[in-house]
Amino acid sequence: MFIVANRIPVAEDWTEEFERKFAKRAGEIETQPGFVRMQILRPVSEGTSYSVLTTWESEEAFKTWMGSPDFRIAHQDPMPREAFSGRPHMEQHLVVISAEK
């Protein structure tokens with residue numbers, strides 16, 4: 001499995017809009033080959049970024065999504081600069097250990 005974590009510092013006045021935007025997001029990530037899941041994690045402590053986690057069967061599946069028309073559609077209407085309290089950054093991880101109930 002391959003996990004991408006986008007850490008997005010959202011300004012306090014923009015949190016509802018940020019969540020609404022993801023709820024109505026354009027594109028059909030769920031239909032992408034190799035897509036497993038997406039999770040939007042709201043921070044519970046002040047000064048912590050939102051985390052947008054996507055899980056893929058492979059790094060190649062993620063790269064294919066990034067090159068797809070659906071990806072471009074999903075990212076064509078970004079939030080204004082003032083919606084962010086810092087710079088977002090992306091982390092990519094290979095799963096080496098996993099446990100579930």
# chains A, B, ... in the order shown; residues from 1 in each chain; ligands from 1
>>> select_by_dssp(residues="chain A", states="alpha helix (DSSP H)", output="PDB file with N, CA and C atoms, in the first residue's frame")
ATOM      1  N   THR A  15     -12.185  27.013   8.065  1.00  0.00           N
ATOM      2  CA  THR A  15     -12.296  25.562   8.260  1.00  0.00           C
ATOM      3  C   THR A  15     -13.598  24.984   7.690  1.00  0.00           C
ATOM      4  N   GLU A  16     -14.720  25.687   7.896  1.00  0.00           N
ATOM      5  CA  GLU A  16     -15.989  25.183   7.371  1.00  0.00           C
ATOM      6  C   GLU A  16     -15.969  25.127   5.853  1.00  0.00           C
ATOM      7  N   GLU A  17     -15.428  26.156   5.226  1.00  0.00           N
ATOM      8  CA  GLU A  17     -15.347  26.178   3.760  1.00  0.00           C
ATOM      9  C   GLU A  17     -14.429  25.075   3.248  1.00  0.00           C
ATOM     10  N   PHE A  18     -13.323  24.858   3.934  1.00  0.00           N
ATOM     11  CA  PHE A  18     -12.386  23.797   3.550  1.00  0.00           C
ATOM     12  C   PHE A  18     -13.086  22.441   3.564  1.00  0.00           C
ATOM     13  N   GLU A  19     -13.793  22.159   4.640  1.00  0.00           N
ATOM     14  CA  GLU A  19     -14.504  20.874   4.749  1.00  0.00           C
ATOM     15  C   GLU A  19     -15.617  20.780   3.715  1.00  0.00           C
ATOM     16  N   ARG A  20     -16.328  21.865   3.510  1.00  0.00           N
ATOM     17  CA  ARG A  20     -17.415  21.876   2.513  1.00  0.00           C
ATOM     18  C   ARG A  20     -16.855  21.611   1.111  1.00  0.00           C
ATOM     19  N   LYS A  21     -15.713  22.217   0.811  1.00  0.00           N
ATOM     20  CA  LYS A  21     -15.091  22.039  -0.503  1.00  0.00           C
ATOM     21  C   LYS A  21     -14.753  20.563  -0.747  1.00  0.00           C
ATOM     22  N   PHE A  22     -14.218  19.900   0.258  1.00  0.00           N
ATOM     23  CA  PHE A  22     -13.910  18.486   0.083  1.00  0.00           C
ATOM     24  C   PHE A  22     -15.173  17.646  -0.013  1.00  0.00           C
ATOM     25  N   ALA A  23     -16.211  18.016   0.721  1.00  0.00           N
ATOM     26  CA  ALA A  23     -17.473  17.271   0.658  1.00  0.00           C
ATOM     27  C   ALA A  23     -18.086  17.352  -0.736  1.00  0.00           C
ATOM     28  N   GLU A  59       2.286   3.093  -5.615  1.00  0.00           N
ATOM     29  CA  GLU A  59       2.734   4.435  -5.980  1.00  0.00           C
ATOM     30  C   GLU A  59       2.354   4.746  -7.427  1.00  0.00           C
ATOM     31  N   GLU A  60       2.423   3.754  -8.274  1.00  0.00           N
ATOM     32  CA  GLU A  60       2.061   3.950  -9.683  1.00  0.00           C
ATOM     33  C   GLU A  60       0.594   4.366  -9.830  1.00  0.00           C
ATOM     34  N   ALA A  61      -0.308   3.769  -9.032  1.00  0.00           N
ATOM     35  CA  ALA A  61      -1.725   4.150  -9.082  1.00  0.00           C
ATOM     36  C   ALA A  61      -1.894   5.615  -8.686  1.00  0.00           C
ATOM     37  N   PHE A  62      -1.161   6.049  -7.659  1.00  0.00           N
ATOM     38  CA  PHE A  62      -1.217   7.448  -7.241  1.00  0.00           C
ATOM     39  C   PHE A  62      -0.714   8.368  -8.351  1.00  0.00           C
ATOM     40  N   LYS A  63       0.400   8.019  -8.956  1.00  0.00           N
ATOM     41  CA  LYS A  63       0.956   8.852 -10.034  1.00  0.00           C
ATOM     42  C   LYS A  63      -0.002   8.929 -11.218  1.00  0.00           C
ATOM     43  N   THR A  64      -0.676   7.836 -11.518  1.00  0.00           N
ATOM     44  CA  THR A  64      -1.659   7.833 -12.604  1.00  0.00           C
ATOM     45  C   THR A  64      -2.802   8.785 -12.278  1.00  0.00           C
ATOM     46  N   TRP A  65      -3.283   8.758 -11.024  1.00  0.00           N
ATOM     47  CA  TRP A  65      -4.332   9.696 -10.585  1.00  0.00           C
ATOM     48  C   TRP A  65      -3.864  11.146 -10.749  1.00  0.00           C
ATOM     49  N   MET A  66      -2.628  11.431 -10.359  1.00  0.00           N
ATOM     50  CA  MET A  66      -2.121  12.801 -10.450  1.00  0.00           C
ATOM     51  C   MET A  66      -2.054  13.290 -11.898  1.00  0.00           C
ATOM     52  N   PRO A  69      -7.301  13.544 -15.913  1.00  0.00           N
ATOM     53  CA  PRO A  69      -8.195  14.707 -16.046  1.00  0.00           C
ATOM     54  C   PRO A  69      -9.014  14.954 -14.773  1.00  0.00           C
ATOM     55  N   ASP A  70      -9.416  13.890 -14.072  1.00  0.00           N
ATOM     56  CA  ASP A  70     -10.174  14.060 -12.828  1.00  0.00           C
ATOM     57  C   ASP A  70      -9.364  14.812 -11.779  1.00  0.00           C
ATOM     58  N   PHE A  71      -8.059  14.557 -11.708  1.00  0.00           N
ATOM     59  CA  PHE A  71      -7.203  15.271 -10.762  1.00  0.00           C
ATOM     60  C   PHE A  71      -7.193  16.762 -11.099  1.00  0.00           C
ATOM     61  N   ARG A  72      -7.038  17.079 -12.372  1.00  0.00           N
ATOM     62  CA  ARG A  72      -7.023  18.488 -12.777  1.00  0.00           C
ATOM     63  C   ARG A  72      -8.358  19.165 -12.454  1.00  0.00           C
ATOM     64  N   ILE A  73      -9.456  18.486 -12.687  1.00  0.00           N
ATOM     65  CA  ILE A  73     -10.776  19.041 -12.375  1.00  0.00           C
ATOM     66  C   ILE A  73     -10.916  19.267 -10.869  1.00  0.00           C
ATOM     67  N   ALA A  74     -10.483  18.312 -10.083  1.00  0.00           N
ATOM     68  CA  ALA A  74     -10.617  18.406  -8.624  1.00  0.00           C
ATOM     69  C   ALA A  74      -9.797  19.550  -8.038  1.00  0.00           C
TER      70      ALA A  74
END
>>> closest_atom_pairs(of="segment 4-41 of chain A", to="segment 50-56 of chain A", cutoff="7 Å", atoms="only C-alpha atoms", output="CSV")
residue,atom,partner,partner_atom,distance
A:Val4,CA,A:Thr54,CA,5.3
A:Ala5,CA,A:Leu53,CA,4.6
A:Asn6,CA,A:Val52,CA,5.0
A:Arg7,CA,A:Ser51,CA,4.7
A:Ile8,CA,A:Tyr50,CA,5.1
A:Pro9,CA,A:Tyr50,CA,6.1
A:Val10,CA,A:Tyr50,CA,6.9
A:Gly34,CA,A:Trp56,CA,5.5
A:Phe35,CA,A:Trp56,CA,4.7
A:Val36,CA,A:Trp56,CA,5.2
A:Arg37,CA,A:Thr55,CA,5.2
A:Met38,CA,A:Thr54,CA,4.4
A:Gln39,CA,A:Leu53,CA,5.1
A:Ile40,CA,A:Val52,CA,4.6
A:Leu41,CA,A:Ser51,CA,5.0
>>> write_last_selection(atoms="C-alpha atoms", output="PDB file, in the first residue's frame")
ATOM      1  CA  VAL A   4      -0.139  10.163   0.605  1.00  0.00           C
ATOM      2  CA  ALA A   5      -0.585  12.640   3.450  1.00  0.00           C
ATOM      3  CA  ASN A   6      -1.279  16.252   2.543  1.00  0.00           C
ATOM      4  CA  ARG A   7      -0.770  18.469   5.609  1.00  0.00           C
ATOM      5  CA  ILE A   8      -2.825  21.630   5.089  1.00  0.00           C
ATOM      6  CA  PRO A   9      -2.742  24.491   7.620  1.00  0.00           C
ATOM      7  CA  VAL A  10      -6.190  26.066   7.272  1.00  0.00           C
ATOM      8  CA  GLY A  34      -5.829   1.496  -7.443  1.00  0.00           C
ATOM      9  CA  PHE A  35      -7.650   3.916  -5.122  1.00  0.00           C
ATOM     10  CA  VAL A  36      -8.389   2.426  -1.689  1.00  0.00           C
ATOM     11  CA  ARG A  37      -9.603   5.239   0.600  1.00  0.00           C
ATOM     12  CA  MET A  38      -9.543   8.926   1.396  1.00  0.00           C
ATOM     13  CA  GLN A  39      -9.760  10.432   4.860  1.00  0.00           C
ATOM     14  CA  ILE A  40      -9.963  14.106   5.802  1.00  0.00           C
ATOM     15  CA  LEU A  41      -8.698  14.557   9.360  1.00  0.00           C
TER      16      LEU A  41
END
>>> closest_residue(among="A:Ala11, A:Ile3, A:Lys24, A:Val44", to="Asp77 of chain A", atoms="only C-alpha atoms")
A:Lys24
>>> atom_distance(atom1="atom CA of Pro43 of chain A", atom2="atom CA of Met79 of chain A")
18.7 Å
>>> select_by_dssp(residues="chain A", states="strand (DSSP E)", output="list in words")
Phe2, Ile3, Val4, Ala5, Asn6, Arg7, Ile8, Phe35, Val36, Arg37, Met38, Gln39, Ile40, Leu41, Tyr50, Ser51, Val52, Leu53, Thr54, Thr55, Trp56, His89, Met90, Glu91, Gln92, His93 and Leu94 of chain A
>>> atom_distance(atom1="atom CA of Glu57 of chain A", atom2="atom CA of Lys101 of chain A")
19.9 Å
>>> atom_distance(atom1="atom CA of Glu12 of chain A", atom2="atom CA of Ser85 of chain A")
8.2 Å
